[in-house]
file target04.cif (mmCIF, C-alpha atoms)
data_target
loop_
_atom_site.label_atom_id
_atom_site.label_comp_id
_atom_site.auth_asym_id
_atom_site.auth_seq_id
_atom_site.Cartn_x
_atom_site.Cartn_y
_atom_site.Cartn_z
CA MET A 1 9.94 -2.64 19.33
CA GLY A 2 12.67 -5.16 19.98
CA ALA A 3 13.37 -3.71 23.46
CA LYS A 4 11.96 -5.37 26.54
CA PRO A 5 8.70 -3.60 27.52
CA THR A 6 8.56 -1.77 30.84
CA PRO A 7 5.54 -0.72 32.91
CA ASN A 8 3.57 2.36 31.69
CA ASP A 9 5.54 2.60 28.43
CA THR A 10 2.64 1.51 26.26
CA THR A 11 -0.01 3.69 27.88
CA SER A 12 2.15 6.77 27.45
CA THR A 13 3.01 5.80 23.87
CA VAL A 14 -0.63 5.27 22.91
CA GLN A 15 -1.75 8.43 24.68
CA ALA A 16 0.86 10.42 22.78
CA ALA A 17 -0.23 8.87 19.47
CA LEU A 18 -3.88 9.66 20.20
CA GLU A 19 -2.93 13.24 21.01
CA ARG A 20 -1.09 13.56 17.70
CA LEU A 21 -4.12 12.17 15.88
CA LYS A 22 -6.36 14.66 17.66
CA GLN A 23 -3.97 17.52 16.94
CA HIS A 24 -3.33 16.80 13.27
CA GLY A 25 -6.27 14.63 12.26
CA ASN A 26 -8.53 17.45 11.13
CA ARG A 27 -5.71 19.25 9.33
CA LEU A 28 -4.73 16.14 7.38
CA HIS A 29 -8.34 14.87 7.11
CA ALA A 30 -6.94 11.37 7.42
CA VAL A 31 -8.87 9.93 10.39
CA ALA A 32 -12.22 8.19 9.88
CA GLU A 33 -12.77 7.28 13.53
CA MET A 34 -10.74 7.39 16.74
CA LEU A 35 -10.58 4.28 18.92
CA ASN A 36 -9.56 5.98 22.19
CA ALA A 37 -11.30 3.77 24.74
CA THR A 38 -10.30 0.38 23.32
CA ALA A 39 -6.78 1.57 22.49
CA LEU A 40 -6.12 2.78 26.03
CA ALA A 41 -7.60 -0.39 27.51
CA GLU A 42 -5.27 -2.51 25.38
CA ALA A 43 -2.34 -0.26 26.29
CA ARG A 44 -3.02 -0.78 30.00
CA ARG A 45 -3.17 -4.54 29.41
CA CYS A 46 0.25 -4.36 27.75
CA ASP A 47 1.61 -2.46 30.72
CA ASP A 48 0.14 -5.00 33.13
CA LEU A 49 1.92 -7.72 31.20
CA ALA A 50 5.16 -5.74 31.28
CA ALA A 51 4.82 -5.28 35.03
CA ALA A 52 4.57 -9.05 35.31
CA LYS A 53 7.72 -9.31 33.16
CA SER A 54 5.73 -10.64 30.21
CA SER A 55 4.87 -9.32 26.76
CA ALA A 56 1.81 -9.09 24.51
CA GLY A 57 3.91 -10.32 21.58
CA PRO A 58 6.57 -9.20 19.09
CA LEU A 59 4.60 -6.01 18.28
CA HIS A 60 3.99 -5.25 21.97
CA GLY A 61 2.32 -1.84 22.25
CA LEU A 62 2.74 -0.73 18.62
CA PRO A 63 -0.02 1.79 17.79
CA ILE A 64 -1.45 1.27 14.30
CA VAL A 65 -4.17 2.78 12.14
CA VAL A 66 -6.44 0.60 10.01
CA LYS A 67 -7.77 1.55 6.58
CA ASP A 68 -11.53 1.94 6.78
CA ILE A 69 -12.31 -0.92 4.44
CA ILE A 70 -10.96 -3.42 6.99
CA ASP A 71 -13.21 -4.60 9.82
CA VAL A 72 -12.35 -3.61 13.38
CA VAL A 73 -14.69 -5.05 16.00
CA GLY A 74 -17.21 -2.58 17.37
CA VAL A 75 -16.61 0.02 14.63
CA PRO A 76 -18.62 0.48 11.42
CA THR A 77 -16.69 -0.18 8.21
CA ARG A 78 -17.82 2.70 5.99
CA SER A 79 -15.33 2.18 3.15
CA GLY A 80 -15.02 5.90 2.50
CA SER A 81 -18.56 5.98 1.11
CA LEU A 82 -21.76 7.79 2.03
CA THR A 83 -23.54 4.68 0.78
CA ARG A 84 -22.21 2.91 3.89
CA SER A 85 -22.84 5.70 6.41
CA ALA A 86 -25.49 3.64 8.23
CA ASN A 87 -23.41 0.46 8.46
CA PRO A 88 -23.61 -1.29 11.86
CA PRO A 89 -20.46 -1.92 13.89
CA ALA A 90 -18.35 -4.86 12.75
CA ALA A 91 -19.10 -7.98 14.76
CA LYS A 92 -15.45 -9.06 14.83
CA ASP A 93 -12.00 -8.11 13.65
CA ALA A 94 -10.84 -9.03 10.18
CA PRO A 95 -8.33 -11.91 10.57
CA VAL A 96 -5.44 -9.56 9.70
CA VAL A 97 -6.43 -7.19 12.51
CA ALA A 98 -6.90 -10.10 14.91
CA ALA A 99 -3.44 -11.39 13.99
CA LEU A 100 -1.82 -8.02 14.64
CA ARG A 101 -3.63 -7.67 17.97
CA GLY A 102 -2.45 -11.16 18.85
CA ALA A 103 1.12 -9.99 18.27
CA GLY A 104 0.61 -6.99 20.56
CA ALA A 105 -0.27 -4.21 18.10
CA ILE A 106 -2.97 -1.73 19.14
CA PRO A 107 -5.42 -0.22 16.62
CA ILE A 108 -5.93 3.42 17.62
CA ALA A 109 -7.97 4.72 14.65
CA LYS A 110 -9.64 3.89 11.36
CA SER A 111 -8.06 5.87 8.52
CA ASN A 112 -9.79 7.54 5.58
CA THR A 113 -9.77 5.93 2.16
CA VAL A 114 -10.85 6.46 -1.40
CA GLU A 115 -14.46 5.33 -1.78
CA PHE A 116 -14.52 1.50 -1.94
CA ALA A 117 -10.73 1.72 -2.49
CA ILE A 118 -11.27 2.55 -6.17
CA GLY A 119 -8.67 5.12 -7.23
CA GLY A 120 -4.96 5.76 -6.98
CA TRP A 121 -4.83 9.53 -6.68
CA GLY A 122 -6.30 9.36 -3.17
CA ILE A 123 -9.16 11.72 -4.01
CA ASN A 124 -12.54 11.28 -2.29
CA ARG A 125 -15.12 13.82 -3.49
CA THR A 126 -17.82 12.82 -1.00
CA VAL A 127 -16.21 12.38 2.43
CA GLY A 128 -13.10 14.42 1.68
CA THR A 129 -9.54 13.92 0.45
CA PRO A 130 -6.67 13.64 2.96
CA TRP A 131 -3.86 16.17 2.64
CA ASN A 132 -0.40 15.16 1.59
CA PRO A 133 1.62 16.05 4.72
CA TRP A 134 4.54 17.45 2.70
CA ASP A 135 2.64 20.55 1.57
CA LEU A 136 0.16 22.14 3.96
CA LYS A 137 -0.36 25.19 1.74
CA THR A 138 -1.30 23.46 -1.50
CA HIS A 139 -3.65 20.49 -1.32
CA ARG A 140 -1.66 17.76 -3.06
CA VAL A 141 -2.75 14.19 -3.65
CA PRO A 142 -1.78 11.82 -0.82
CA GLY A 143 -1.95 8.76 -3.07
CA GLY A 144 -4.65 6.16 -2.89
CA SER A 145 -6.53 4.33 -2.15
CA SER A 146 -4.90 3.91 1.30
CA SER A 147 -4.72 7.68 1.52
CA GLY A 148 -5.35 8.20 5.22
CA THR A 149 -2.86 5.58 6.36
CA GLY A 150 -0.21 6.96 4.00
CA ALA A 151 -0.73 10.55 5.14
CA LEU A 152 -0.60 9.66 8.85
CA VAL A 153 2.48 7.43 8.60
CA GLY A 154 4.24 9.77 6.16
CA ALA A 155 3.60 12.68 8.52
CA GLY A 156 5.07 10.79 11.49
CA VAL A 157 1.75 10.99 13.36
CA VAL A 158 1.80 7.19 13.68
CA THR A 159 4.55 4.66 13.06
CA ALA A 160 2.54 2.08 11.19
CA GLY A 161 -0.79 1.15 9.68
CA LEU A 162 -2.68 -1.13 7.32
CA GLY A 163 -3.55 -0.47 3.70
CA THR A 164 -4.79 -2.55 0.80
CA ASP A 165 -3.36 -2.80 -2.71
CA THR A 166 -5.31 -3.78 -5.83
CA GLY A 167 -3.37 -1.73 -8.36
CA GLY A 168 -0.92 0.26 -6.27
CA SER A 169 -3.07 1.37 -3.34
CA VAL A 170 -0.38 0.73 -0.70
CA ARG A 171 2.63 1.79 -2.76
CA LEU A 172 1.19 4.98 -4.29
CA PRO A 173 0.38 6.66 -0.94
CA ALA A 174 3.63 5.35 0.49
CA ALA A 175 5.51 6.97 -2.40
CA TRP A 176 3.71 10.31 -2.46
CA SER A 177 3.36 10.67 1.32
CA GLY A 178 6.88 9.49 2.16
CA CYS A 179 6.79 6.12 3.91
CA VAL A 180 7.41 2.41 3.35
CA GLY A 181 4.63 0.34 1.78
CA LEU A 182 4.57 -3.39 1.01
CA LYS A 183 2.20 -4.89 -1.56
CA THR A 184 2.15 -8.47 -0.31
CA SER A 185 1.90 -11.55 -2.49
CA ILE A 186 -1.64 -12.65 -3.25
CA GLY A 187 -2.58 -15.39 -0.80
CA LEU A 188 -0.03 -14.44 1.85
CA VAL A 189 -2.47 -12.44 4.03
CA SER A 190 -6.16 -13.22 4.54
CA ARG A 191 -8.58 -10.79 2.90
CA THR A 192 -11.61 -11.89 4.90
CA GLY A 193 -13.31 -8.95 6.59
CA VAL A 194 -12.12 -6.52 3.92
CA THR A 195 -14.48 -4.64 1.59
CA PRO A 196 -13.78 -6.29 -1.79
CA LEU A 197 -12.75 -4.50 -4.96
CA SER A 198 -11.18 -7.19 -7.16
CA GLU A 199 -11.04 -10.76 -5.92
CA THR A 200 -8.30 -11.44 -8.47
CA LEU A 201 -6.01 -8.57 -7.47
CA ASP A 202 -6.79 -7.45 -3.89
CA THR A 203 -4.02 -7.70 -1.28
CA ILE A 204 -3.34 -6.22 2.19
CA GLY A 205 -0.06 -4.65 3.21
CA PRO A 206 1.73 -2.76 5.99
CA MET A 207 2.62 0.93 5.68
CA THR A 208 5.39 1.94 8.05
CA GLU A 209 8.22 4.33 8.91
CA THR A 210 10.88 1.68 8.31
CA VAL A 211 11.31 -1.57 6.44
CA GLU A 212 11.99 -3.47 9.67
CA ILE A 213 8.60 -2.51 11.12
CA ALA A 214 6.97 -3.70 7.88
CA ALA A 215 8.80 -7.01 8.21
CA ARG A 216 7.67 -7.42 11.81
CA MET A 217 4.07 -6.69 10.85
CA LEU A 218 4.21 -9.14 7.94
CA THR A 219 5.48 -11.85 10.29
CA ALA A 220 2.28 -11.49 12.30
CA MET A 221 -0.08 -10.93 9.35
CA GLN A 222 0.84 -13.79 7.06
CA GLY A 223 -0.49 -17.32 7.25
CA PRO A 224 -3.34 -19.60 6.22
CA ASP A 225 -6.96 -18.73 6.96
CA ALA A 226 -9.73 -21.19 6.15
CA THR A 227 -12.13 -18.36 5.31
CA ASP A 228 -9.85 -17.17 2.48
CA PRO A 229 -8.99 -20.13 0.23
CA THR A 230 -6.18 -18.21 -1.52
CA THR A 231 -4.11 -18.46 1.69
CA MET A 232 -4.33 -22.21 2.14
CA HIS A 233 -1.30 -23.08 0.00
CA ALA A 234 0.81 -19.94 0.43
CA HIS A 235 4.59 -20.28 0.76
CA ALA A 236 5.09 -18.05 3.79
CA ARG A 237 8.69 -17.40 4.84
CA ASP A 238 10.20 -15.62 7.82
CA PRO A 239 10.58 -11.94 6.81
CA LEU A 240 13.07 -11.30 9.62
CA ALA A 241 15.45 -14.22 9.07
CA GLY A 242 17.59 -12.58 6.39
CA LEU A 243 16.41 -8.99 6.71
CA HIS A 244 19.84 -7.51 7.41
CA ARG A 245 21.95 -9.66 5.06
CA GLY A 246 22.44 -6.66 2.77
CA ALA A 247 22.44 -6.40 -1.03
CA GLN A 248 25.90 -7.88 -1.62
CA GLY A 249 25.80 -10.38 -4.47
CA LEU A 250 22.22 -9.65 -5.51
CA ARG A 251 21.38 -8.98 -9.17
CA LEU A 252 18.88 -6.15 -9.63
CA ALA A 253 17.33 -5.36 -13.02
CA ARG A 254 16.34 -1.77 -13.69
CA ILE A 255 13.57 -1.29 -16.23
CA ASN A 256 14.70 0.46 -19.40
CA ARG A 257 13.85 4.17 -19.45
CA GLU A 258 11.92 3.70 -22.72
CA HIS A 259 9.34 1.67 -20.79
CA MET A 260 8.56 4.66 -18.54
CA PRO A 261 7.16 7.35 -20.86
CA HIS A 262 5.58 9.40 -18.04
CA LEU A 263 8.79 9.62 -15.97
CA SER A 264 9.61 13.15 -14.84
CA ALA A 265 13.15 14.51 -14.79
CA GLU A 266 13.24 14.90 -11.00
CA MET A 267 11.99 11.34 -10.45
CA ALA A 268 14.50 9.98 -12.95
CA GLU A 269 17.30 11.81 -11.14
CA ALA A 270 16.20 10.44 -7.74
CA PHE A 271 15.96 6.91 -9.12
CA ASP A 272 19.43 7.09 -10.65
CA ARG A 273 20.73 8.14 -7.24
CA ALA A 274 19.03 5.14 -5.62
CA VAL A 275 20.51 2.79 -8.23
CA ASP A 276 23.99 4.14 -7.48
CA GLN A 277 23.41 3.63 -3.76
CA LEU A 278 22.31 0.03 -4.29
CA ARG A 279 25.41 -0.55 -6.43
CA ASP A 280 27.50 0.89 -3.60
CA ALA A 281 25.79 -1.59 -1.26
CA GLY A 282 27.14 -4.45 -3.36
CA ALA A 283 24.30 -5.17 -5.79
CA THR A 284 24.93 -5.83 -9.46
CA ILE A 285 22.73 -3.64 -11.66
CA VAL A 286 21.54 -4.80 -15.08
CA GLU A 287 18.85 -3.57 -17.44
CA CYS A 288 15.71 -5.44 -18.50
CA THR A 289 13.15 -5.16 -21.26
CA LEU A 290 9.52 -5.98 -20.55
CA PRO A 291 7.36 -8.23 -22.74
CA MET A 292 4.64 -5.56 -22.78
CA ALA A 293 4.50 -1.80 -22.21
CA LEU A 294 3.75 -0.66 -18.66
CA ASP A 295 0.82 1.37 -20.02
CA GLU A 296 -0.63 -1.82 -21.49
CA TYR A 297 -0.36 -3.70 -18.19
CA GLN A 298 -2.09 -0.72 -16.61
CA ARG A 299 -4.90 -0.70 -19.18
CA ILE A 300 -5.65 -4.42 -19.00
CA GLY A 301 -5.31 -4.61 -15.21
CA SER A 302 -7.62 -1.64 -14.76
CA LEU A 303 -10.25 -3.21 -16.99
CA LEU A 304 -10.04 -6.50 -15.08
CA SER A 305 -10.49 -4.78 -11.72
CA ALA A 306 -13.29 -2.56 -13.08
CA SER A 307 -15.23 -5.60 -14.27
CA GLU A 308 -14.96 -7.18 -10.82
CA ALA A 309 -15.81 -3.89 -9.11
CA TYR A 310 -18.95 -3.62 -11.24
CA ALA A 311 -19.98 -7.09 -10.09
CA SER A 312 -19.88 -5.78 -6.49
CA TYR A 313 -21.06 -2.19 -6.88
CA GLY A 314 -22.85 -2.03 -10.22
CA ASP A 315 -26.20 -1.51 -8.49
CA LEU A 316 -24.88 1.67 -6.87
CA ALA A 317 -23.21 2.90 -10.05
CA ASP A 318 -26.37 2.31 -12.10
CA ASP A 319 -28.57 4.13 -9.59
CA PRO A 320 -28.34 7.90 -10.28
CA THR A 321 -29.81 8.64 -6.84
CA SER A 322 -27.08 6.80 -4.90
CA PRO A 323 -24.58 9.09 -3.14
CA LEU A 324 -21.65 7.49 -4.96
CA GLY A 325 -18.88 9.92 -5.88
CA PRO A 326 -18.84 10.86 -9.58
CA GLY A 327 -15.26 9.74 -10.19
CA ASN A 328 -15.86 6.35 -8.63
CA ARG A 329 -19.15 5.94 -10.43
CA ALA A 330 -17.31 6.42 -13.73
CA ARG A 331 -14.55 3.96 -12.73
CA ILE A 332 -17.06 1.29 -11.73
CA LEU A 333 -19.09 1.77 -14.91
CA ARG A 334 -15.98 1.02 -16.97
CA GLY A 335 -16.63 -2.59 -16.04
CA LYS A 336 -20.27 -2.61 -17.14
CA GLY A 337 -19.53 -3.36 -20.77
CA VAL A 338 -17.24 -6.30 -20.03
CA THR A 339 -19.12 -9.41 -21.13
CA ALA A 340 -18.58 -12.88 -19.72
CA SER A 341 -16.53 -13.85 -22.78
CA ASP A 342 -14.50 -10.62 -22.46
CA TYR A 343 -13.79 -11.49 -18.83
CA VAL A 344 -12.62 -14.99 -19.70
CA ARG A 345 -10.32 -13.55 -22.38
CA LEU A 346 -8.90 -11.06 -19.86
CA ARG A 347 -8.12 -13.89 -17.43
CA ARG A 348 -6.51 -15.99 -20.16
CA LEU A 349 -4.45 -13.03 -21.33
CA ARG A 350 -3.30 -12.54 -17.74
CA ASP A 351 -2.18 -16.17 -17.49
CA ARG A 352 -0.12 -15.76 -20.67
CA SER A 353 1.31 -12.47 -19.44
CA ILE A 354 2.46 -14.08 -16.19
CA ALA A 355 4.19 -16.86 -18.12
CA ASP A 356 5.85 -14.36 -20.49
CA PHE A 357 7.11 -12.26 -17.59
CA GLU A 358 8.83 -15.20 -15.93
CA ALA A 359 11.56 -15.03 -18.56
CA VAL A 360 12.28 -11.44 -17.53
CA ILE A 361 12.26 -11.85 -13.77
CA ASP A 362 14.36 -15.04 -14.04
CA THR A 363 17.28 -12.85 -15.19
CA ALA A 364 17.55 -11.15 -11.79
CA ASP A 365 16.74 -11.44 -8.09
CA ALA A 366 14.47 -8.40 -8.27
CA ILE A 367 13.36 -5.60 -10.58
CA ILE A 368 13.71 -1.94 -9.58
CA LEU A 369 11.99 1.20 -10.86
CA PRO A 370 10.54 4.42 -9.47
CA THR A 371 7.30 3.77 -7.61
CA THR A 372 5.55 6.71 -9.28
CA PRO A 373 6.41 8.54 -12.51
CA TYR A 374 6.29 11.94 -10.81
CA THR A 375 5.91 13.58 -7.41
CA ALA A 376 2.51 14.36 -5.88
CA PRO A 377 0.58 16.91 -7.98
CA PRO A 378 -1.99 19.38 -6.60
CA VAL A 379 -5.50 17.95 -6.34
CA ALA A 380 -6.77 20.84 -8.45
CA ASP A 381 -4.56 19.77 -11.37
CA VAL A 382 -5.68 16.14 -11.43
CA ASP A 383 -7.78 14.59 -14.17
CA GLU A 384 -9.20 11.54 -12.39
CA ALA A 385 -9.53 9.72 -15.72
CA ASP A 386 -5.74 9.93 -16.19
CA LEU A 387 -4.27 6.56 -15.22
CA SER A 388 -0.61 7.45 -15.77
CA TYR A 389 -0.08 7.58 -11.99
CA GLY A 390 -0.38 3.79 -11.82
CA THR A 391 1.80 2.70 -14.73
CA HIS A 392 4.72 1.74 -12.48
CA VAL A 393 2.65 -0.24 -9.96
CA ARG A 394 -0.31 -1.91 -11.66
CA PHE A 395 1.79 -4.57 -13.41
CA VAL A 396 2.86 -5.94 -10.02
CA ASN A 397 -0.72 -6.87 -9.10
CA TYR A 398 -1.56 -8.00 -12.61
CA LEU A 399 1.41 -10.40 -12.76
CA GLU A 400 1.00 -11.80 -9.21
CA LEU A 401 4.24 -10.26 -7.95
CA ALA A 402 5.11 -8.52 -4.69
CA GLY A 403 6.38 -4.94 -4.47
CA LEU A 404 7.95 -2.69 -1.84
CA ALA A 405 8.02 1.11 -1.95
CA VAL A 406 10.84 2.81 -0.02
CA PRO A 407 11.47 6.58 0.13
CA ILE A 408 14.57 7.81 -1.74
CA ALA A 409 14.93 11.52 -1.00
CA LEU A 410 13.05 14.79 -1.29
CA SER A 411 12.77 16.38 -4.72
CA PRO A 412 14.05 19.92 -5.36
CA HIS A 413 10.48 21.02 -4.53
CA GLY A 414 10.54 19.24 -1.17
CA LEU A 415 8.32 16.28 -2.11
CA PRO A 416 9.09 12.58 -1.54
CA THR A 417 10.46 10.35 -4.27
CA SER A 418 10.31 6.57 -4.02
CA LEU A 419 12.07 3.39 -5.09
CA GLN A 420 10.03 0.28 -5.90
CA ILE A 421 11.50 -3.21 -5.47
CA VAL A 422 9.56 -5.92 -7.32
CA VAL A 423 10.02 -9.64 -6.63
CA ARG A 424 8.44 -12.97 -7.48
CA ARG A 425 5.32 -14.13 -5.69
CA TYR A 426 6.14 -15.16 -2.10
CA ASP A 427 9.58 -13.52 -2.28
CA ASP A 428 8.31 -10.72 -0.04
CA PRO A 429 11.18 -11.28 2.46
CA LEU A 430 13.69 -10.65 -0.35
CA ALA A 431 12.04 -7.33 -1.22
CA LEU A 432 12.24 -6.37 2.45
CA ARG A 433 15.91 -7.43 2.60
CA ILE A 434 16.75 -5.21 -0.38
CA GLY A 435 14.70 -2.38 1.09
CA ALA A 436 16.54 -2.64 4.41
CA ALA A 437 19.88 -2.62 2.60
CA TYR A 438 18.81 0.47 0.70
CA GLU A 439 17.66 2.25 3.86
CA LYS A 440 21.10 1.62 5.38
CA VAL A 441 22.99 3.31 2.53
CA ARG A 442 20.38 6.05 2.13
CA GLY A 443 20.38 7.09 5.78
CA PRO A 444 17.45 8.54 7.76
CA PHE A 445 14.50 9.91 5.82
CA PRO A 446 13.09 13.21 7.11
CA LYS A 447 9.58 13.94 8.37
CA PRO A 448 7.53 16.94 7.24
CA SER A 449 6.82 19.91 9.47
CA LEU A 450 3.19 20.00 10.55
CA ALA A 451 3.43 23.41 12.17
#

call {"tool": "encode", "arguments": {"input": "target04.cif", "output": "structure tokens"}}
result
Amino acid sequence: MGAKPTPNDTTSTVQAALERLKQHGNRLHAVAEMLNATALAEARRCDDLAAAKSSAGPLHGLPIVVKDIIDVVGVPTRSGSLTRSANPPAAKDAPVVAALRGAGAIPIAKSNTVEFAIGGWGINRTVGTPWNPWDLKTHRVPGGSSSGTGALVGAGVVTAGLGTDTGGSVRLPAAWSGCVGLKTSIGLVSRTGVTPLSETLDTIGPMTETVEIAARMLTAMQGPDATDPTTMHAHARDPLAGLHRGAQGLRLARINREHMPHLSAEMAEAFDRAVDQLRDAGATIVECTLPMALDEYQRIGSLLSASEAYASYGDLADDPTSPLGPGNRARILRGKGVTASDYVRLRRLRDRSIADFEAVIDTADAIILPTTPYTAPPVADVDEADLSYGTHVRFVNYLELAGLAVPIALSPHGLPTSLQIVVRRYDDPLALRIGAAYEKVRGPFPKPSLA
């Protein structure tokens, strides 16, 4: 992307990406809608600019997919739900999509998602669950709720895409499908034009093949937007300025093993390897103890988001005739019993939890832990009421932090493992810097065979 564009490069790149989507889209069940005509028109515009020795921007000609809860002009936003099957086309791009277009990126498809983005396994019982690209014989969870974007980027079908993250929904599919995923700081990227789940916790993030592409996308995405008041006082910093400074001299705190009761042996082994590699890159590794158990952060954060989801979708959940998926109906109804006083107590408890956590994160530049406790299980083995999948990610949203998932290596069973780098709010560039340093010592990460 840093190379000077030349005529016809973008059209051929976009055509090739569209062909890959067409070839593998049905197999992976990750594409909600193709955007062939507009994508090729934008590609030709990029090539016209290149012919005139100009550029569309720093993301000139980058094909991206957009999670189907984010508005793309001229395309219905169906949010992975049959309840939205008759939605009209969006009148305009969400600001985040407009910003990426302005930097030269080209949306080529909408990607499938968990219904209303409620669920971390990636399972959608009504419109279908994308396949994890690392096992085309056994249907394994892709991670959710940005399941389609994760599957397509992890498979190497596209280089980059957009997801959203309320309790791990960028990082979980990045971890299980084998790509990079950044949960951005709340307020850094406008959420206007995005189907809401939890106004307290929702964020948007890039999902990419490499950390550098994520940094380039964040550069374009971040910034104030008058239609989203949370962005008006954000402390945006240049994600590229110190991206390749390395990990030398940084102090990284690994979470004590006792705080991760669901951690599998193969994930623990992969994480230990990543810690050693970061130490080799010059980082100092220390241990940290959390003020509260990860399971407890998960429980409280889930209840907070469920109460806000019920405020948006309670009418659908209460209506037995609505075509809402059964798993999502149950998750939304968890919020029905939360009273106004309960909600206020949850918000106050969150404020205290954020203050308590500051003492922990002040001991280090960043916190590291496995992104998921285990590798992607088969869909058939999943109990959707089991929330253990999110214990390593939910606390990041709950405590207003930022988090980056970066692939480590393949497990003995050939499935991706993932490192999570957690930083203070607005320290997103630092997470990306550590992730880039880790990628350098790790070396190239493979892509799955789609044959």

call {"tool": "closest_atom_pairs", "arguments": {"input": "target04.cif", "of": "stretch 80-157 of chain A", "to": "stretch 360-378 of chain A", "cutoff": "6 Å", "atoms": "only C-alpha atoms", "output": "tab-separated table"}}
result
residue	atom	partner	partner_atom	distance
A:His139	CA	A:Pro378	CA	5.6
A:Arg140	CA	A:Pro378	CA	3.9
A:Val141	CA	A:Ala376	CA	5.7

call {"tool": "closest_residue", "arguments": {"input": "target04.cif", "among": "A:Ala274, A:Val189, A:Ala52, A:Leu290", "to": "A:Leu100", "atoms": "all atoms listed in the file"}}
result
A:Val189

call {"tool": "closest_residue", "arguments": {"input": "target04.cif", "among": "A:Thr391, A:Ser85, A:Ser12, A:Thr200", "to": "A:Glu296", "atoms": "only C-alpha atoms"}}
result
A:Thr391

call {"tool": "closest_residue", "arguments": {"input": "target04.cif", "among": "A:Pro95, A:Pro196, A:Pro58, A:Pro412", "to": "A:Glu269", "atoms": "all atoms listed in the file"}}
result
A:Pro412

call {"tool": "closest_atom_pairs", "arguments": {"input": "target04.cif", "of": "stretch 321-426 of chain A", "to": "stretch 217-239 of chain A", "cutoff": "12 Å", "atoms": "all atoms listed in the file", "output": "tab-separated table"}}
result
residue	atom	partner	partner_atom	distance
A:Arg424	CA	A:His235	CA	11.7
A:Arg425	CA	A:His235	CA	8.9
A:Tyr426	CA	A:His235	CA	6.1

call {"tool": "closest_residue", "arguments": {"input": "target04.cif", "among": "A:Ser341, A:Asp9, A:Pro407, A:Arg20", "to": "A:Glu209", "atoms": "all atoms listed in the file"}}
result
A:Pro407

call {"tool": "resolve_selection", "arguments": {"input": "target04.cif", "expression": "the PyMOL selection byres ((chain A and resi 22) around 12)", "output": "tab-separated table (two decimals) with C-alpha atoms, in the coordinates of the input"}}
result
chain	number	residue	atom	x	y	z
A	15	GLN	CA	-1.75	8.43	24.68
A	16	ALA	CA	0.86	10.42	22.78
A	17	ALA	CA	-0.23	8.87	19.47
A	18	LEU	CA	-3.88	9.66	20.20
A	19	GLU	CA	-2.93	13.24	21.01
A	20	ARG	CA	-1.09	13.56	17.70
A	21	LEU	CA	-4.12	12.17	15.88
A	23	GLN	CA	-3.97	17.52	16.94
A	24	HIS	CA	-3.33	16.80	13.27
A	25	GLY	CA	-6.27	14.63	12.26
A	26	ASN	CA	-8.53	17.45	11.13
A	27	ARG	CA	-5.71	19.25	9.33
A	28	LEU	CA	-4.73	16.14	7.38
A	29	HIS	CA	-8.34	14.87	7.11
A	30	ALA	CA	-6.94	11.37	7.42
A	31	VAL	CA	-8.87	9.93	10.39
A	32	ALA	CA	-12.22	8.19	9.88
A	33	GLU	CA	-12.77	7.28	13.53
A	34	MET	CA	-10.74	7.39	16.74
A	35	LEU	CA	-10.58	4.28	18.92
A	36	ASN	CA	-9.56	5.98	22.19
A	108	ILE	CA	-5.93	3.42	17.62
A	109	ALA	CA	-7.97	4.72	14.65
A	152	LEU	CA	-0.60	9.66	8.85
A	157	VAL	CA	1.75	10.99	13.36
A	158	VAL	CA	1.80	7.19	13.68

call {"tool": "resolve_selection", "arguments": {"input": "target04.cif", "expression": "the PyMOL selection byres ((chain A and resi 44) around 10)", "output": "PyMOL selection string"}}
result
chain A and resi 7-12+14+38-43+45-50+61

call {"tool": "residues_around", "arguments": {"input": "target04.cif", "residues": "A:His259", "least_positions_apart": "3", "cutoff": "8 Å", "atoms": "only C-alpha atoms", "output": "list in words"}}
result
Ile255, Asn256, Thr289, Leu290, Ala293 and Leu294 of chain A
